[in-house]
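Enquirer: Sharing a structure with you now.
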Number of protein chains: 4
Amino acid sequence: MSATNAGASSEPLLIRGGRIITTTENRVADVLVEGERITAIGEDLPAGQARELDARGLLVLPGCVDPHVHLDTDFGGAKTVDDFTNGTAAAAIGGTTTLINFAMQWPGQTLAQALDAWKGQIEEHPPIVDVGLHMAITDLDYAGSFDELDAITRGGIPSYKVFTAYKGSAMLSDDDLLRVMESAAANDVLVMVHAENGDIVDLLQRRALEQGHTEPRWHAATRPALAEAEATSRVIDIAHLAGASLYVVHVSCAASLERIANARAKGWRVWGETCPQYLFTDESDLERPDFEGAKYVFSPPPRTPADQEALWEGLADGVLSVVATDHVPFTFARDKQLGRDDFSAIPNGAPGIENRLQLMHHFGVRAGRFDLHRMVDLLSTTPARIFGLHPRKGTIAVGADADLVLFDPQRRHTICAATQVSHSDYSLMEGVEVVGSPTLVTVRGRIVVEDGRVVGRPGDGAYVSRAPFDPAAADAPGQPLAVDG
Amino acid sequence: MSATNAGASSEPLLIRGGRIITTTENRVADVLVEGERITAIGEDLPAGQARELDARGLLVLPGCVDPHVHLDTDFGGAKTVDDFTNGTAAAAIGGTTTLINFAMQWPGQTLAQALDAWKGQIEEHPPIVDVGLHMAITDLDYAGSFDELDAITRGGIPSYKVFTAYKGSAMLSDDDLLRVMESAAANDVLVMVHAENGDIVDLLQRRALEQGHTEPRWHAATRPALAEAEATSRVIDIAHLAGASLYVVHVSCAASLERIANARAKGWRVWGETCPQYLFTDESDLERPDFEGAKYVFSPPPRTPADQEALWEGLADGVLSVVATDHVPFTFARDKQLGRDDFSAIPNGAPGIENRLQLMHHFGVRAGRFDLHRMVDLLSTTPARIFGLHPRKGTIAVGADADLVLFDPQRRHTICAATQVSHSDYSLMEGVEVVGSPTLVTVRGRIVVEDGRVVGRPGDGAYVSRAPFDPAAADAPGQPLAVDG
Amino acid sequence: MSATNAGASSEPLLIRGGRIITTTENRVADVLVEGERITAIGEDLPAGQARELDARGLLVLPGCVDPHVHLDTDFGGAKTVDDFTNGTAAAAIGGTTTLINFAMQWPGQTLAQALDAWKGQIEEHPPIVDVGLHMAITDLDYAGSFDELDAITRGGIPSYKVFTAYKGSAMLSDDDLLRVMESAAANDVLVMVHAENGDIVDLLQRRALEQGHTEPRWHAATRPALAEAEATSRVIDIAHLAGASLYVVHVSCAASLERIANARAKGWRVWGETCPQYLFTDESDLERPDFEGAKYVFSPPPRTPADQEALWEGLADGVLSVVATDHVPFTFARDKQLGRDDFSAIPNGAPGIENRLQLMHHFGVRAGRFDLHRMVDLLSTTPARIFGLHPRKGTIAVGADADLVLFDPQRRHTICAATQVSHSDYSLMEGVEVVGSPTLVTVRGRIVVEDGRVVGRPGDGAYVSRAPFDPAAADAPGQPLAVDG
Amino acid sequence: MSATNAGASSEPLLIRGGRIITTTENRVADVLVEGERITAIGEDLPAGQARELDARGLLVLPGCVDPHVHLDTDFGGAKTVDDFTNGTAAAAIGGTTTLINFAMQWPGQTLAQALDAWKGQIEEHPPIVDVGLHMAITDLDYAGSFDELDAITRGGIPSYKVFTAYKGSAMLSDDDLLRVMESAAANDVLVMVHAENGDIVDLLQRRALEQGHTEPRWHAATRPALAEAEATSRVIDIAHLAGASLYVVHVSCAASLERIANARAKGWRVWGETCPQYLFTDESDLERPDFEGAKYVFSPPPRTPADQEALWEGLADGVLSVVATDHVPFTFARDKQLGRDDFSAIPNGAPGIENRLQLMHHFGVRAGRFDLHRMVDLLSTTPARIFGLHPRKGTIAVGADADLVLFDPQRRHTICAATQVSHSDYSLMEGVEVVGSPTLVTVRGRIVVEDGRVVGRPGDGAYVSRAPFDPAAADAPGQPLAVDG
C-alpha cells in the first residue's frame, strides 16, 4: 500500500486524554502522531513539537473503512452525483478514512482500460480520504481477459466484484463465475458478489410490467428474498468448487443469512456484509406517496421488519462481518424520475456514505445491540483485514496509519439532506436524530474534519494499493474461521 | 387410474400361507385375489373356485413400483434397446409391477405431440406390467405450451421432469424452471428434476477435451459433486418460491443429500431418490481398461465410497424416500462405442431394471442396513404414494390391486448379462451373487412371472392414469413432512 | 402373553363395512372375529355363524393401550378410588382395551411381595379389559433384591418404574438408578422414569412453606420445568451408561422435550410420553378459587401454554411416542382436602382414563394437529410395541387379538364428572364437548362396551404377561431409531 | 484489586524492540514500565532513567494467569509439596504472573475460618507472583454460612468452587448446589464446578475393589466420561435455574464438551476450562508398569486420544475458554505410594504449573492448532477477564500492570522433573522437548525470572483482591455470549 499523495507533510499531533476504543481495548491514553503514523501511546506523553488536541471526554476510534461505494458511476441511465472529491468529503464527515470504490468495466472496455479510466477519475477529482478500487467484472469474452485480470490483481487490487443480477448487462453466467473464481483462487483475490437470481428477477419484472404494474413497490415484488438466497447459495458453491474465498455484499434478508451461516459452520470461506438501508427501511417504504417510494429503489430491495431483526442478530453473533454503505448517490428530482412510468427504469441506489458510524453508534451501541468494540470491528477493523489494509489501517496501534476519529458520544445530530455533504438531494434517514457524532477526523495525520466540518483538501487522501487477500488474516485472531476438513 | 387392457379376466387366486410383508405388518395369512383385486386376507380362507398357490416359506410383497425408467428412448445419439414389451418383461422378472417412463419432448415437438407419440409407443409394444408416464419438458417456447401442460396433467400425468443439466439440449433456464414450478403448483403436479449445473459441466467438458482428455474417467471429473449439490439447492429454492413440490431424481452424493435434508428439516416439500448404481459403483469403475469404463458413464456419474455410505444412511434414516433404477439400456458393443474418442459422446445410461429388489434385499436387508418393511417402503409403498398410485398399488390390503410378488428369501441368483431379460449386453453387477429372488409375480391378478420365468403376455400390463399429486399423502402416515411455518 | 381369564368363549362377530384405521391403512372392509382373534379381513365376507355388527359410517380402530395407570393405589396419604374392576370399566368406555398399572413396592415390602400383593388386588377385583403390570422399584436395600428383580422380569414384566422425585419416599439415588439400569439392560427390560429433581423440589417446598406459602399454586412454583429437564437428562445419561433403554413418563415441558430430542438424535434409546393434562391445563389452573386449584395438583405440575404447544409439536413430529393418562383418581371432596393448609400434602394426581381417545380425536385430529393414523399410533400401536404387547395388540390384522373400537366420528359427548365411570368426583375437562366417541368396544372378541355403555363383566379382561423389551420392535418399521455409533 | 506487597518500588524498565503479542495485535514496539504499570508503548521511546532490556527477536506476551492451582493443600491423605513461595516460583518460571488458588474449606471449619487460614498460609510463605483465592465450599450446614459467604465475596473473592464428585467429603447435594448458585447469582460471583457424578463413581469404585481390582487403571474405569458429562449437564441446569454463571473446570472429554457447547449455543452463561494433562496423556498411561500409572491418577482421569482431539478442537473453536493447570504437586516416591494396594487411596493430582505456556506454544501454535493470539487469549486474557483481573492484567496496554513475559520462540527446553522448580519428584511430560520458552518475566515491573532462572524474591508477588464477576466482560469483545431469550 503506498500513498501517491505528494502534499506537504503533516504536523505532529498529540491527542490528549481520549478514550481509545479498539476491538479489544477501552482505555484513556494519549496518542502521538508523527509523519502519517502513530508513534506512541502513553500516559502523559511529552508534547514536544506536536500540536495538542484535547480529546478528554471523547472516544478515539480507528478511522472507518467503507468497502462498498459507487462514486462517479454510470448506472442504469444516470450517473451518481458525487465525484471522488466530494464523495470522499462526505465519507470524511462520517468518520470514514478509507473507502473502496467499484471500478466497473463498461461495455466495450477491457478490464485494463476500465481500470485506467477509473484511476483517471480519481486523479481528476483528488480524494480527501484514502481510496482503493475493486475490479468489477462484467465481460470476459475477449482475448487476454484473464491475463489482464492477473496483472490487475498483482497490481494491488485483491478483490473482484461479480453480479448474478442484472440480466443482459452485468450478470455473469455460471461458467464465467467459475472461471472468475478459479482466477481469484490462483491470485489470492477475494470475490465479492451481488447475489440475486437475474433470470428470475427478469421474468418477474417483465410479467409485472405486462400486467401494468409500474409503481416502485413492484421493485420489491419482483426481487423476492428467495431469489437472493438462491443466488447466494449458488455462488457459495461455485466459489467453494474453485477453492475461492467469497464476500457477499449487501445481504438483505434472513434467507440469505441462513445460507452464509451454514457455509461458515462448515468452515467454508464466506463473509457477509449488510448496509444501513437494510436495517432501517422496509418494503413498505416503497409505497410512499408522490413517487417518493422511488428513493427506496435499490437492489436488493428493502425487505421486512423480520429481516431487519435477523440482520441485527447477524451483526451481533458474527454471521455478518461488515457494515458498508453501498453509497449510490442519485437525485430524486432528476435521476429517480426516469422511472416514473416503469419501476424497472428507476436508477437503483441511494446515498448513505456519511451517516454509517452515527447510525451504528446510535441504533447499535446505544440500543444495546452490540458494544463499542463490535462497532469498531464492523466498521473499521474487519473491513481493513478483509480488504488487505490491515495492519496499517483498521486499528489504533503504534506503527499504524494515523487514521483517527474523535467521536463525541453525546453530540446530537439530525440527519437532513439539505445539510449533507453528498450532492444527492435526499436521505433515507431524513429527520432522524442521532446521539453521537465525529468531531475531528485525521487521514494519515492530516486533519480533514474539524469541529464537525470538512477541512480537508483534495489530495489529502490518496489511492491505496492493497495487499493480497489472506483468509487467515481476514478475521480477528481468536475468531478463526473453521478450516474445511 | 384406469387399466386400458382389455384382456380376458384373470382367474381367482388363493395365495396360501405366505408371510405378508408391508411397511408395518409381518404376518402369515392367506390372500384371496378376485377380479384384479385383493378381496380377503385371512386364516385358512376357503378356496372356492380359486387356484391355490402354495406360498409357505415365501414372503408376499406388494409389487414394486419403479418411477424412473427410459424405455424405447433416443438419447445422445443412440436409442435404448428395450421397448415397452421387453422392458416391462425385464421389470416383471425383477418384481416390478408398475413402472413410470419419461415421456421426453423432442426438439420440434409440442408437449401434446410428444405425449401422443409416447402413448403410441406403448400401444405398439404392449406392456407386461402397468406403465405410467411422466411429462419431460424441454421446450416451452411456443404459443400455448402452458395450456397444453395443464391439459396433460388433468389427463392423469401428475409429474413433470425438468433438467438443469445437458446445456444446449434438455437444460431449462432458471426462469423457465420457475414457470414450470408455478404451473406444477397450480395443477397439483410434482416436479422431478435432474439436478446438475449444466453451465459448469459444459465448461469443464470443453476444457477437458481441449486439453486432450477423452477417456471415460473424464466423465466424472467434469461433473463434480458440488455441481450437483448446487443445482439441487437452486431447484429446491425455485420450487419453494413457486409453492411447488419437488422430487430430486438419482441423488448421487453426500453433498446433495445434505441439501435435501436441510430443506426437509425446514418442512419444505422435497423428496429424494437414489438408484442402485450409486450404491454399488464408484468413480474408479470409469477407469476400467479396454474402454469398459464407458459402461459406467451415466449422469450424475458414480461417486466415491464415502458417498455410497452417505446414501445408504439416507435410505435408512429417511432423508431419501425411493430407490428407482434409471434404467437406460444401451449396448456396450454398439452404443457406448460412439464415445471411443470423446467421453462426452458416450451415451449416458446403464441397464438395471431387473435387479433392484434382489440388490436391496441382499445388500440392504441381509446386510442389516434396513429391514424388510423399509425395503417395501422404498421400492413400492412410497413411490406408489408419491406418484398417485396409492392406495391401489404399493401395499397388500383388501381392495388394492393384486400386484404381488412371491419372494423366496433363500433363492440364490447370479446376475449375468447373458441371461438377463433386458436387451442390453452388459450389467453393472455382472457376476454378483445375491440371495433372495422373486419366484412368482402377479399384475392385477394375472401371473406374469412364475418359477422365476416371465410368463406374462403383452397386454397383461396397461397404461395407468394417475391421481393428482397430494403432498399430505406422499409419505406414509406417521411420517408427516413438517409443515412450513 | 397369556390370558388367564377362564370365561366362556366369545361368539364369532362379523363387523360389517367399517372403515378400518391402522397406522398406515384407511380402507372399508369387513372384519371377522373368531375365538378371541381376528381371522379374516375382506370384502363381503360370508357371515356364517357370526353375529353381524353394522359398522357402516364408523371407524374401526385397534383397541387403545394405556401404559400409565394407578388403580387401587395408596399415594400420599390417600388411596385412588378406582379398583381394577371399576377402573377397567372406565378404561373400556374410553376405548382402552389394555392398561398397564404400576405395581408399587411399599415400604417394608420386597419386590416379590409387592408383586404378589398387586396380583392379588387384580384377582380380588377382576378386570373388564386386559391388565398388565410395571414393577415400580422404591427399595433395593435388602438381600436378594436384584435376584428378585431378575425373576420378576423373566415372569413377563419387562418394565421397571423408577423415581428421581419424591425425596424421602420413592426417590432413588443415582447409584441405585445405575444399578437398576444395569439390571434392565441385562434382562431386556425397559426402564420408565418419573423425572424431577427430588432434592431441588424438596428444598423449594420447604422454603415455600417456611415462608407461609400454602396454596395449591405453590405446587407448580416449587417444581420448576428445569428441575424436570435436569432429571430427564441425568437419567438419560445413566441409562446410556448402563446400556439400558429408557421411557420418560409424563413429559410436561419444552425443556424436557429438548433433552429427549437430543438423545434420540444421537441414536440413544429413549422414548417420551405425555398425558392429556399437560396438553389441556396450565399453571394458572392451580390458582382456581375455593381450593379448586387442588384438582390440578399432579406431578409434574401443569406448565405454560408454550409448553402445551411444544408437546403438541412433539406428538406430531415424533419426539414423543405415546399419549397415556397417568390416571390417579382421587376425590376432591375428601382426598384433596388433606392439603387445605399445605400444598405439599395434597395427594398428587387426577382422573383421566376414560377421555383420552375422545380428546386426541377432537383436539388432535379434528384440529388438524395430526391425522387418524398418528392418533392410532400414539394411543395403541406404539404403546403396544414398546411394552411387549405387539403384534397381538395395537393393530388390526389377521391373527391379532380382537381388541377393537367402533368409533363414531360425529357422536357428540360432554365430559362431566357426574356421568363418568371413574369414582373420582371431578374431571379436569368438566363441561368440554368433544365430537367423536367410541360406541362399541371388544376385548379379545368380547363386547365390553355397546352403544356407549359398559356391558362387560369382571373377568372379561385378564392379567397379561408381556414379551421382553425389544428396542428394534419398539418403533414402527420405517421409523427406526438411529443406532448409536 | 490492591497489591498488599510493601516491597521497594521497582526501577523503570524500557523493553526495547520486542514483538508485542496480544489477542489482536502483533507489532514491534518499545514498552515503557514505570511504577508497576505500563506507561507508554511506542517507537524509539526515550530511555530516560529506565533500565533498557533488549527484546529484539523476542515475543512480549502478557503474563499468564493460572486460575486452577492447589498449593499447600491437604488432599486425600497427603499434602501438596509446593507452598506459596515455591509454587509461585514454579509459576513464574513458566510465565505465569498471577495464579488463583483454591481456598478449601476443611471439615469443621466455617468458610470465614477457612479463608483466614488460607490467607495465613500466603503470609507465611510470601509469593513471587500475584495470588488470588477461590472459595471452595464443602459445608454449608451451619448457622450463618450464607452470611459468611456474602461477606467473603464482597471482600474480593468473586468465585466459588463446588464439587459434585468426592462423595462423603467435598461433594454437595443438588439442593446445596442450588443454594450456592442462588448466592452466587445474588453476589455477582462465578461458580466453578468439578463435575463428576460422585454417587456413580463411588458405586463403581466400591464394586471394583470388591472384585479385587486395585491397580491404577481402575481409577479411569470407575470414572466414566458419561459420569462427568452427566454432572456437567446437571450443574449447568442448576446454575441456569438460579440465574448463576458457571465455569466448568478441567473438562476432560468430548461428552462434556458437547454439553457445554449446547448450553452456550442457547446463550446460557457457561465457560469451560481444560488442562494440559487432558491434551497429552490418556487412559493407557494408567497402565504403566511399576506402579508408575499412579502418576496419572488425577480426576477426572485421562481419557482417550479421541477426547484429546475433541479438546484441541474446543480450544480452537471457542467452546473452551481457558487452559489452566490444576497443579496438584504430590510426590511419587512418598504420596502416590499410599495407594499401592488400593487405587482409590492414591492421592489425586499431578504437577504442571511450570510448563503450560511452553506446551501450548509448542503443541498448539507450532503445530498449527491455533495462533499466538489465541494462545495469549487462552492463557492470559480470558482467564483475567473471567476472574475479575482485567483490564489490569491479561493484556499489554498503557495503564495495565506490567506483568510481562519475554518469550524466545526458538529456545529449546527439555522437560525434566530433576530440574523443575516444583518440589514434586515427577513430571507427566518427562523428557519432552519443546521449542520456545520464557526468558524474562516481570510481575508489576519487578523482574522475577531472568535468563530463564527465578530471580524474584518472596513478596515480589502479592495477594490480589478481584473485581465482581461480570458476564458481559468475561469474553473478549466481539465474542459476546448470546443472550438467553
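In the C-alpha cells, chains take the letters A, B, ... in the order shown, each chain's residues start at 1, and ligands count up from 1 in the order shown.
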Residues of chain B within 9 Å of chain C, counting only C-alpha atoms - could you list those as a PyMOL selection string?
Expert: chain B and resi 23-29+32+38-45+316-318+370-375+377+391+397-399+476-482
Enquirer: Run DSSP on the backbone of this structure and report the residues of range 113-317 of chain D it assigns to helix (DSSP H, G or I), as an MDAnalysis selection string.
Expert: chainID D and resid 113:124 145:154 174:187 198:210 217:221 225:242 254:265 276:280 283:287 292:296 305:317
Enquirer: Excluding Thr232 in chain B and its own-chain neighbours fewer than 3 positions away, which residues fall within 6 Å of it when counting only C-alpha atoms? Please give them as a PyMOL selection string.
Expert: chain B and resi 195+229+235
Enquirer: Can you list, as a PyMOL selection string, every protein, DNA or RNA residue that comes within 12 Å of Ala239 in chain B when you count only C-alpha atoms, leaving out same-chain residues fewer than 5 positions away?
Expert: (chain A and resi 226-227+230) or (chain B and resi 162+174-185+189-193+231-234+244-248+263+268-270)
Enquirer: Which polymer residues have any atom within 10 Å of an atom of range 107-123 of chain B, counting only C-alpha atoms, with same-chain residues fewer than 2 positions away left out, as a ChimeraX atom specification?
Expert: /B:71-73,83-85,101-105,125-127,131-149,151-152,169-170,458-459,462-463
Enquirer: Identify, on the basis of only C-alpha atoms, every residue whose closest approach to Ala294 in chain C does not exceed 8 Å; exclude the query and any residue fewer than 4 positions from it along the same chain; express the result as a list in words.
Expert: Pro216, Leu286, Phe332, Lys336, Gly339, Phe343 and Ile346 of chain C
Enquirer: Need to verify the contact set: Leu428 in chain B, 12 Å, only C-alpha atoms, exclusion of same-chain residues closer than 3 positions in sequence. Can you return it as a ChimeraX atom specification?
Expert: /B:276-282,285-286,292-298,302,325,327-332,349-356,359,415-417,420,424-425,431-432
Enquirer: Using DSSP on the backbone, list every residue of range 203-258 of chain D that comes out as strand (DSSP E or B), and give them as a count of residues only.
Expert: 4
